[in-house]
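One structure is given below, encoded as structure tokens.
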Amino acid sequence: MAIAYVLIITAPQKDHQIYSELKRMNEVVEVYPLFGDYDLIAKIEGESVEALGRVVLYKIGALPGVVHTETLTVIEEF
């Protein structure tokens with residue numbers, strides 16, 4: 001199982017809508033609003049790092065109102 005955290009910058013006034021859409025995605029296990037440079041953080045899980053990449057590129061990044069994402073991939077658990 002691969003895990004990543006996705007930091008998301010949204011267009012103005014789009015954070016609530018994107019939050020709701022992320023909550024409906026099977027790969028998103030947690031999502032939280034943030035203060036600071038990023039608007040949202042989502043924890044995603046998938047079969048592989050490649051699968052996570054597809055989620056970020058073709059699902060999260062494709063949402064209207066997503067301006068930028070930064071993905072932090074977990075390399076292993078201690």
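Identifiers in this document derive from the order of the structure tokens: chains are assigned A, B, ..., residues are numbered from 1 separately in each chain, and ligands are numbered from 1 in order of occurrence.
Running DSSP on the backbone and keeping only alpha helix (DSSP H), the residues of segment 45-74 of chain A that qualify are A:Val49, A:Glu50, A:Ala51, A:Leu52, A:Gly53, A:Arg54.
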For segment 39-47 of chain A, work out the shell of residues within 10 Å, counting only C-alpha atoms and skipping chain neighbours fewer than 5 positions away, then give it as number ranges by chain. A: 1-12, 14-16, 18-19, 22-23, 25-34, 52-56, 60, 66, 69-73
Pick out each residue of chain A that DSSP on the backbone tags as strand (DSSP E or B); I need them as an mmCIF file with C-alpha atoms, in the first residue's frame.
```
data_model
loop_
_atom_site.group_PDB
_atom_site.id
_atom_site.type_symbol
_atom_site.label_atom_id
_atom_site.label_comp_id
_atom_site.auth_asym_id
_atom_site.auth_seq_id
_atom_site.Cartn_x
_atom_site.Cartn_y
_atom_site.Cartn_z
ATOM 1 C CA ALA A 2 1.345 3.418 -0.982
ATOM 2 C CA ILE A 3 0.503 6.567 0.977
ATOM 3 C CA ALA A 4 0.925 10.237 0.112
ATOM 4 C CA TYR A 5 -0.122 13.614 1.424
ATOM 5 C CA VAL A 6 -1.262 16.155 -1.151
ATOM 6 C CA LEU A 7 -1.019 19.864 -0.378
ATOM 7 C CA ILE A 8 -3.531 21.807 -2.453
ATOM 8 C CA ILE A 9 -3.884 25.468 -3.403
ATOM 9 C CA THR A 10 -7.368 26.366 -4.597
ATOM 10 C CA VAL A 28 -8.804 10.052 -0.228
ATOM 11 C CA VAL A 29 -8.823 8.759 3.342
ATOM 12 C CA GLU A 30 -8.530 12.135 5.108
ATOM 13 C CA VAL A 31 -8.845 15.772 4.072
ATOM 14 C CA TYR A 32 -8.423 18.924 6.162
ATOM 15 C CA PRO A 33 -8.513 22.687 5.559
ATOM 16 C CA LEU A 40 -6.197 21.860 1.896
ATOM 17 C CA ILE A 41 -4.257 18.704 2.701
ATOM 18 C CA ALA A 42 -5.437 15.258 1.643
ATOM 19 C CA LYS A 43 -4.086 11.862 2.653
ATOM 20 C CA ILE A 44 -4.410 9.404 -0.216
ATOM 21 C CA GLU A 45 -3.798 5.667 -0.429
ATOM 22 C CA GLY A 46 -3.348 3.389 -3.411
ATOM 23 C CA VAL A 66 -7.350 23.392 -8.111
ATOM 24 C CA VAL A 67 -4.509 25.808 -8.845
ATOM 25 C CA HIS A 68 -1.497 23.819 -7.594
ATOM 26 C CA THR A 69 -0.670 20.577 -5.810
ATOM 27 C CA GLU A 70 2.431 19.349 -4.039
ATOM 28 C CA THR A 71 2.673 15.650 -3.243
ATOM 29 C CA LEU A 72 4.611 14.234 -0.309
ATOM 30 C CA THR A 73 5.020 10.481 -0.759
#
```
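Coordinates place atom CA of Val74 of chain A at a distance of 19.5 Å from atom CA of Lys59 of chain A.
One distance worth recording is that between atom CA of Gln13 of chain A and atom CA of Gly36 of chain A, which is 15.3 Å.
Our summary of the geometry notes that atom CA of Leu63 of chain A is positioned 15.9 Å from atom CA of Tyr38 of chain A.
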